[in-house]
Structure formats: C-alpha cells, structure tokens
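Everything on this sheet refers to the single structure shown next.
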Amino acid sequence: MRIDIRIVVARRISQVFFVLLTLWLCAVATLGASFWRLSGWPVNFILQLDPLTALGTLLATRTWYAPLLWAVPVIILTAFLGRVFCGFACPLGALNQAVGWLASRVTADIPGARGQALRARLADNRHSPWQAAKYYVLVFLLGAACFGSLQTGLLDPLPLVFRSLNMTIAPVVDAGFQALFLKPRHYASAWLLLAVFAAILGLNFLKPRFFCRYVCPLGALFGLLNRFAPWRVGKTESPCGNCTLCDTYCEGACSPSGRLVVSECLMCMNCLDACPQGRMTFAGQPSAAGEEHLPEPSRRGFLFAALAGALSTPIWTIGGLADTGKNPLLIRPPGSLDEARFLSLCLRCGQCMRVCPTNVIQPALGEAGLEGLWTPVLNYRLGTSGCQVHCVACGNVCPTAAIRPLTLDEKLGQGKFAAKGPVRLGTAFFDRSRCLPWAFERPCLVCQELCPVSPKAIHTRTFFEPIRFGQADIVAAEGRKLSLASLPNPTVNLGSGDYHLRPAGLNSMNSPETGLRRINAVIWAEKGQTLTLDAEPDPRQGWKLAPGSAVEVVVRLQKPYVDPARCIGCGVCEHECPIAGLRGVRVSYENESRSGPGRMLV
C-alpha cells in the first residue's frame, strides 16, 4: 500500500475521532461525578484550539485568555504544514465532507450515471473566484472585533458546531436516554438553530464543502497563516497526463492539476490517492505546475470589508439598548461580566446552557438585540427551576471567561466576600394585577415558601377580606356547628383552612381579626349548609347565635412583598408561580451585581 493511501486513511480516522470527540464532549457537559458526566473531562478543549477565537477576543478585549494558548500550536502547525486542521480535525468540516460524499453517491448510484456524476463533480470542484468571499467575511468580523463587537462566534465553525449540537442534537439524545439517567432539555430557539445547521449541511448538495469554501472565517484565517508553509501538496512534474482526477476529488477546489491555489488546499489528500501515476505529492517544494496564494481577493475589497466591519459596530446594538435602557428581562448567568465586556468575549458556544442543571440558561433571540443573538440569558419560565443558589457550573465551563468562574463563597457572599454580599442577578417584582392574593383574593404562598434566601427575600402581610356573595343567615347553631341559609356554593374550598366566619358588620379597621373563627369543614345541602368551626363562637366577641343572625365568610390572604436588599434574582419564585402565562412575580435586571447603572438604592 502506498504512503499516500495511508495518509488518506489516517485523515478519515482523524476526522471520525474528532467528530466523536465533539459529540462526546457535548454529551458529558452535564453536572455529575460519573464518567459520562462533566467531572474530569476537558469539555472546552476543541474550542480552545480555535485561533479565530483567540484573535477575536484579543482584538475585542486587548487581552489573551490563558486557556486559549492552546491555539498557538494550531497556528504553528498551520504555518508549517498548511490547513491540516481543516482536513484532519475540524468537526464541522468533517460533517460537511461526509454530507458532500453522500450527495455524490446518491447521483453516482443511478444506473448509467457514473460518468455523468464524475463530470458533474469535476465541474463542482473547479476553483471559483467566489471562494475569496470568506476572506472578506474574516476581515469584516475582525474589523468589528477591533471596536469591541465580537461576532466571530456566529460563523466560526467550532462555536457553531458546539452551539448546534448542544441545543439541537444533544436534547434529542437526552430524550432518548431519559428513562436511564438524563433529563431532556429544551431550548426556546432550537428550531432556528437547527434550521441554520441543516442549511449549512444541506448546501453540500449544491457544492461540496460549501461552507468551508465560501463562508468559513476560520478557514480564511488558516489560508492566510499558511502563506509561507514549506510543506504543501503539489505536482512533481508538469505537464502530466491531464486526467484531472485530482481536481475531480479535490475537497477545497484548489486546482491541483493546474496552478495550485495554496490557501484553498484543505489537506484532504484525495489528490494523492486519485492520481494514477503518483505524480501528486506532499513535500517541501512548490508545485511543478505553479502556485498562487489567495483566490483573487482585491486590496480594495479587503479595505472595504475592514471599514464595513468597523462601521457596523453601532448597527449590532440595534434592538438592545445599553445601561438603564436595556430590556428589563435581559438577565445574564451568575458571574457574567458587565454587558459590554460580556459581548466582547461570548462565543455563543452553548456550553453554559448545556451544563446548567435546571436548563434555565437559554439562547437569546431579541432580548439583547442583534449583537446578543444566541448569547446566554436566564429564562425563568423554562427549565425545572430557577438559578440554583449553590451552583457555579456555568462560569467554570465558559471557554473565554465571559462568565467568570465563581467560588461558592463568592456567589453566596460568605467568608471574605461577606462585606460585598451575594451575587445578584436582578430583583423580583410582584405584578399585583396577576398575583393570586393581590388580584383574585385567592390564597397562595408558593413564592414565599420556596424562596431559597435566608432570611427570605419574600415576606407576607396578613389581610382578612370578605369573599364575594359570602354573607348568609344562621338557621341553627349547635356548639361549633352552624347551619346557614342563602350561602351560594362558592368555587373555592371553604374548608381549606384559609377561610373564616365572623358576624356581619364586625369588620374593624383597628382589630380586623375580632370575632374570626376558622372554618374546618363544610357540608353542602340543597336547603342549607353546615359549617364546622375550629372553636365555639365566643359571645364576648359579638357572636349572635340566634336564628336570623347574619354572618360573613372572609378569606385570610398573605400578600407577598419583596425585600430588595435580600433578593438575589434567582428566579425560583417566578418559575414556581402557579400563573401559567405571564407570571405574577417576575425578575428584572435591576440591582444586578455585574453593572452599576442597573442598581437600585436599597
């Protein structure tokens, strides 16, 4: 077996390995100590290999985050050997190549169509001037990053594939294993992410590795880095037999049979395997047929793309006002930097969303404007609970520290952080037009009972208020049992312990509890009702047991209030509120720890 064939086999094995590794790292990015959970796995390893992430964050923040030093070996490898990462390691590139191969097989398997399929494939793999488009995309994104707007994560293949897998494929797998050990996760905009991912893969039916050739900014960066690579693919002699088989099977459309476009070679090694005379090689010498570096980009185009990227920075903020004008529901995960620095570091990779144990971290659509598309926000209506008080997982998996890692003491405001206080995500506000005790005179204590803060941030004040149509006349009295007439059958359970009986007209502003007797049980009949009280009526409190005396039913309401000095905005109250639609209590960003303009005076 020739050495070139072994290289092709090695490339395929490497691609399969990195795709499986990416899937595995997405799958294990959940809390837990088992081997198939987060503990011990470097879930950000592939993301940290990304030079575009390192360069984009460097330009946007003027700092280099230490874990991104893993990108340096990739840069060095590319500078010496060319785009080996594209051909051997990129998981999205491997998926694109697999789908492109499948598309070619669909046509080739039609009887009598093999020759036609080869000609069509040769036409598809011819070099196109449009392949220069990705270099303009790269310059545009870097131009925006220079002014603090990091948008590389939208098109960078590594964050893109992690985001797509984390929020579309992984939840499907979770649902399949729900009966075993995983809880299925749901994301509000998963349909849009799936549509984008499917479109990227589907374009391979139009052109093989369409995204890699025409769009990928990381591939463009690799193309620039291998400008002086000493080792490259090329012809050993020219002219050769001109069979063009190397062009037919070229994944990068880099014209290996003619004047080689070096920056477009994806190192797929297919040309080495396809050449029947063995005249294609990978060596430290230029191609015998000649070379050119870039696919006809113009300096004017580069300058225009850079200026467009720089001038587009204000446009990204459309729909996402800053400081006190921003969306009040824009709540970031605990440990998030202030909004400007957060957006200059966030890759939109979805790692924090995947690791969140309650699935409350969701991808943003319109909450943060166009600039914050698919960045993490907290949606307390979704998931299984609010932000857990004793959880710091999201900051510990963020690959760029847009969500900085917190210790438990810092999040809770304990130990040396006691003077600073706990990390606040926002403040809960009660909507008195939707809260059950405030708006509908229905007893409810869910928010106060489940508030995890100690002392509780939600406290109540007790009120006794007459219910509608709650007046009746006493027909008979025997100890704690009263028979009443004219009391309509209400839609509430009077025996729940929250309802009381008192003589009509005894409502005193100074002592509203005077004469109250709690109703323990109710027996309904056609002609009257019998109520059992918790104690016998006390004549000294104004009770008149004579038939014909009027009484009224009142409800004990514990109306909730928020102490903003203690509320941390965890959202447990909002998530557990029994109002299914717009909650009766909702968390807003006011008083968040991460930025000054949103703080309240408390």
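By order of appearance in the structure tokens: chains A, B, ..., then residues from 1 within every chain, and ligands from 1 in the order shown.
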
Could you find all residues in range 302-548 of chain A that DSSP calls helix (DSSP H, G or I) from the backbone, and write them as a PyMOL selection string?
chain A and resi 302-311+313-316+323-325+339-343+351-355+370-372+393-397+408-412+415-417+436-440+446-450+494-496+539-541

Can you write just those residues out, C-alpha atoms, as a PDB file, in the first residue's frame?
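The result, stored in part.pdb:
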ATOM      1  CA  PHE A 302     -10.154  43.927   1.956  1.00  0.00           C
ATOM      2  CA  LEU A 303     -10.223  47.636   2.806  1.00  0.00           C
ATOM      3  CA  PHE A 304     -13.966  47.859   2.197  1.00  0.00           C
ATOM      4  CA  ALA A 305     -14.631  44.775   4.372  1.00  0.00           C
ATOM      5  CA  ALA A 306     -12.482  46.138   7.209  1.00  0.00           C
ATOM      6  CA  LEU A 307     -14.221  49.533   7.120  1.00  0.00           C
ATOM      7  CA  ALA A 308     -17.636  47.868   6.919  1.00  0.00           C
ATOM      8  CA  GLY A 309     -16.821  45.761   9.972  1.00  0.00           C
ATOM      9  CA  ALA A 310     -15.612  48.767  11.934  1.00  0.00           C
ATOM     10  CA  LEU A 311     -18.576  50.940  10.954  1.00  0.00           C
ATOM     11  CA  THR A 313     -20.299  48.123  15.343  1.00  0.00           C
ATOM     12  CA  PRO A 314     -23.135  50.553  16.229  1.00  0.00           C
ATOM     13  CA  ILE A 315     -25.545  48.612  13.998  1.00  0.00           C
ATOM     14  CA  TRP A 316     -25.079  45.418  16.020  1.00  0.00           C
ATOM     15  CA  ASP A 323     -27.390  50.566  30.550  1.00  0.00           C
ATOM     16  CA  THR A 324     -30.766  51.525  32.009  1.00  0.00           C
ATOM     17  CA  GLY A 325     -32.452  51.480  28.586  1.00  0.00           C
ATOM     18  CA  GLU A 339     -22.691  43.844  29.225  1.00  0.00           C
ATOM     19  CA  ALA A 340     -20.024  45.495  27.074  1.00  0.00           C
ATOM     20  CA  ARG A 341     -17.238  43.139  28.189  1.00  0.00           C
ATOM     21  CA  PHE A 342     -19.573  40.166  28.160  1.00  0.00           C
ATOM     22  CA  LEU A 343     -20.439  40.715  24.492  1.00  0.00           C
ATOM     23  CA  GLN A 351     -21.512  25.317  26.843  1.00  0.00           C
ATOM     24  CA  CYS A 352     -23.070  27.206  29.760  1.00  0.00           C
ATOM     25  CA  MET A 353     -26.544  26.276  28.527  1.00  0.00           C
ATOM     26  CA  ARG A 354     -25.641  22.618  28.318  1.00  0.00           C
ATOM     27  CA  VAL A 355     -24.087  22.467  31.796  1.00  0.00           C
ATOM     28  CA  LEU A 370     -28.798  41.672  17.198  1.00  0.00           C
ATOM     29  CA  GLU A 371     -25.439  41.942  18.935  1.00  0.00           C
ATOM     30  CA  GLY A 372     -26.516  39.460  21.602  1.00  0.00           C
ATOM     31  CA  ALA A 393     -21.220  25.410  36.900  1.00  0.00           C
ATOM     32  CA  CYS A 394     -21.742  27.898  34.060  1.00  0.00           C
ATOM     33  CA  GLY A 395     -18.755  30.073  34.941  1.00  0.00           C
ATOM     34  CA  ASN A 396     -16.484  27.074  35.251  1.00  0.00           C
ATOM     35  CA  VAL A 397     -17.147  25.852  31.689  1.00  0.00           C
ATOM     36  CA  LEU A 408     -19.415  29.185  46.146  1.00  0.00           C
ATOM     37  CA  ASP A 409     -18.387  31.612  48.890  1.00  0.00           C
ATOM     38  CA  GLU A 410     -18.292  34.489  46.404  1.00  0.00           C
ATOM     39  CA  LYS A 411     -21.685  33.657  44.949  1.00  0.00           C
ATOM     40  CA  LEU A 412     -23.262  33.378  48.414  1.00  0.00           C
ATOM     41  CA  GLY A 415     -16.285  34.271  54.172  1.00  0.00           C
ATOM     42  CA  LYS A 416     -14.047  37.001  52.789  1.00  0.00           C
ATOM     43  CA  PHE A 417     -16.878  38.103  50.455  1.00  0.00           C
ATOM     44  CA  LEU A 436     -53.371  35.481  43.132  1.00  0.00           C
ATOM     45  CA  PRO A 437     -53.625  37.091  46.601  1.00  0.00           C
ATOM     46  CA  TRP A 438     -53.428  40.611  45.225  1.00  0.00           C
ATOM     47  CA  ALA A 439     -55.623  40.366  42.122  1.00  0.00           C
ATOM     48  CA  PHE A 440     -58.025  37.456  42.718  1.00  0.00           C
ATOM     49  CA  VAL A 446     -45.733  29.359  46.781  1.00  0.00           C
ATOM     50  CA  CYS A 447     -43.207  32.134  46.158  1.00  0.00           C
ATOM     51  CA  GLN A 448     -42.588  32.843  49.837  1.00  0.00           C
ATOM     52  CA  GLU A 449     -42.306  29.191  50.797  1.00  0.00           C
ATOM     53  CA  LEU A 450     -39.794  28.370  48.018  1.00  0.00           C
ATOM     54  CA  LEU A 494     -64.061  26.854  52.288  1.00  0.00           C
ATOM     55  CA  GLY A 495     -62.619  24.014  54.366  1.00  0.00           C
ATOM     56  CA  SER A 496     -59.048  24.564  53.209  1.00  0.00           C
ATOM     57  CA  PRO A 539     -70.377  35.683  72.668  1.00  0.00           C
ATOM     58  CA  ARG A 540     -67.938  38.253  74.050  1.00  0.00           C
ATOM     59  CA  GLN A 541     -66.684  38.887  70.519  1.00  0.00           C
TER      60      GLN A 541
END

Extract, using only C-alpha atoms, all DNA, RNA and protein residues at most 9 Å from range 153-156 of chain A, discarding same-chain residues fewer than 3 positions from it, and format them as a ChimeraX atom specification.
/A:50,52-53,150,159-161,215-219,346-349,373-374

Export, as a tab-separated table (two decimals), in the first residue's frame, the selected residues with C-alpha atoms.
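Generated output (again24.tsv):
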chain	number	residue	atom	x	y	z
A	50	ASP	CA	-9.51	27.87	17.74
A	52	LEU	CA	-10.03	32.79	15.38
A	53	THR	CA	-11.49	32.79	18.88
A	150	LEU	CA	-17.14	40.08	18.90
A	159	PRO	CA	-18.59	27.52	18.29
A	160	LEU	CA	-21.18	26.97	15.56
A	161	VAL	CA	-20.97	23.19	15.71
A	215	VAL	CA	-18.10	31.28	4.15
A	216	CYS	CA	-15.82	29.87	6.85
A	217	PRO	CA	-13.82	32.70	8.51
A	218	LEU	CA	-11.61	30.22	10.37
A	219	GLY	CA	-10.66	28.58	7.07
A	346	CYS	CA	-19.02	35.48	24.48
A	347	LEU	CA	-18.63	32.92	21.66
A	348	ARG	CA	-22.26	31.71	21.70
A	349	CYS	CA	-20.93	28.16	22.01
A	373	LEU	CA	-28.10	36.88	19.30
A	374	TRP	CA	-27.74	33.37	20.82

Top pick for closest residue to Phe140 in chain A, considering A:Cys246, A:Pro276, A:Arg185, A:Gly301 and counting only C-alpha atoms
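Checking each of A:Cys246, A:Pro276, A:Arg185, A:Gly301 against Phe140 in chain A, counting only C-alpha atoms, the winner is A:Gly301.
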
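All residues in range 100-291 of chain A with a DSSP state of strand (DSSP E or B), computed from the backbone, read Arg232, Val233, Gly234, Lys235, Leu260, Val261, Met280, Thr281, Phe282, Ala283 and Glu291 of chain A.
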
Emit the selected residues as a CSV table (one decimal), in the first residue's frame, including C-alpha atoms.
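Saved as part_16.csv:
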chain,number,residue,atom,x,y,z
A,232,ARG,CA,2.4,21.6,0.7
A,233,VAL,CA,0.5,19.4,-1.8
A,234,GLY,CA,1.7,19.8,-5.4
A,235,LYS,CA,2.7,18.1,-8.7
A,260,LEU,CA,-2.4,25.5,-7.3
A,261,VAL,CA,-4.2,27.9,-5.1
A,280,MET,CA,0.9,14.3,-6.8
A,281,THR,CA,2.9,14.5,-3.6
A,282,PHE,CA,3.1,16.3,-0.2
A,283,ALA,CA,6.6,17.7,0.0
A,291,GLU,CA,1.2,28.3,-7.5

For Trp41 in chain A, work out the shell of residues within 12 Å, counting only C-alpha atoms and skipping chain neighbours fewer than 3 positions away, then give it as a list in words.
Leu21, Thr22, Trp24, Leu25, Cys26, Ala27, Val28, Ala29, Thr30, Leu31, Gly32, Ala33, Ser34, Phe35, Trp36, Arg37, Leu38, Asn44, Phe45, Ile46 and Val397 of chain A

Output C-alpha atoms for every residue in the selection just made, as a short mmCIF file (atom, residue, chain, number, x, y, z; two decimals), in the first residue's frame.
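Written output follows (out.cif):
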data_model
loop_
_atom_site.label_atom_id
_atom_site.label_comp_id
_atom_site.auth_asym_id
_atom_site.auth_seq_id
_atom_site.Cartn_x
_atom_site.Cartn_y
_atom_site.Cartn_z
CA LEU A 21 -14.87 13.56 20.50
CA THR A 22 -17.01 16.64 19.84
CA TRP A 24 -18.84 13.11 23.48
CA LEU A 25 -17.78 16.46 24.96
CA CYS A 26 -21.24 17.84 24.21
CA ALA A 27 -22.83 14.80 25.84
CA VAL A 28 -20.75 14.88 29.02
CA ALA A 29 -21.22 18.62 29.61
CA THR A 30 -23.75 17.95 32.36
CA LEU A 31 -23.30 18.02 36.10
CA GLY A 32 -22.32 14.87 37.94
CA ALA A 33 -19.35 12.79 39.06
CA SER A 34 -19.88 9.75 36.84
CA PHE A 35 -17.53 9.08 33.94
CA TRP A 36 -20.22 10.05 31.46
CA ARG A 37 -20.73 13.43 33.12
CA LEU A 38 -18.73 16.65 33.39
CA ASN A 44 -13.67 23.12 26.05
CA PHE A 45 -10.56 21.52 24.56
CA ILE A 46 -11.66 21.78 20.91
CA VAL A 397 -17.15 25.85 31.69
#

Excluding Leu531 in chain A and its own-chain neighbours fewer than 5 positions away, which residues fall within 9 Å of it when counting only C-alpha atoms? Please give them as a list in words.
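Neighbouring residues, sequence-local ones excluded: Arg480, Lys481, Leu482, Ser483, Leu484, Gly495, Ile519, Asn520, Ala521, Val522, Ile523 and Trp524 of chain A.
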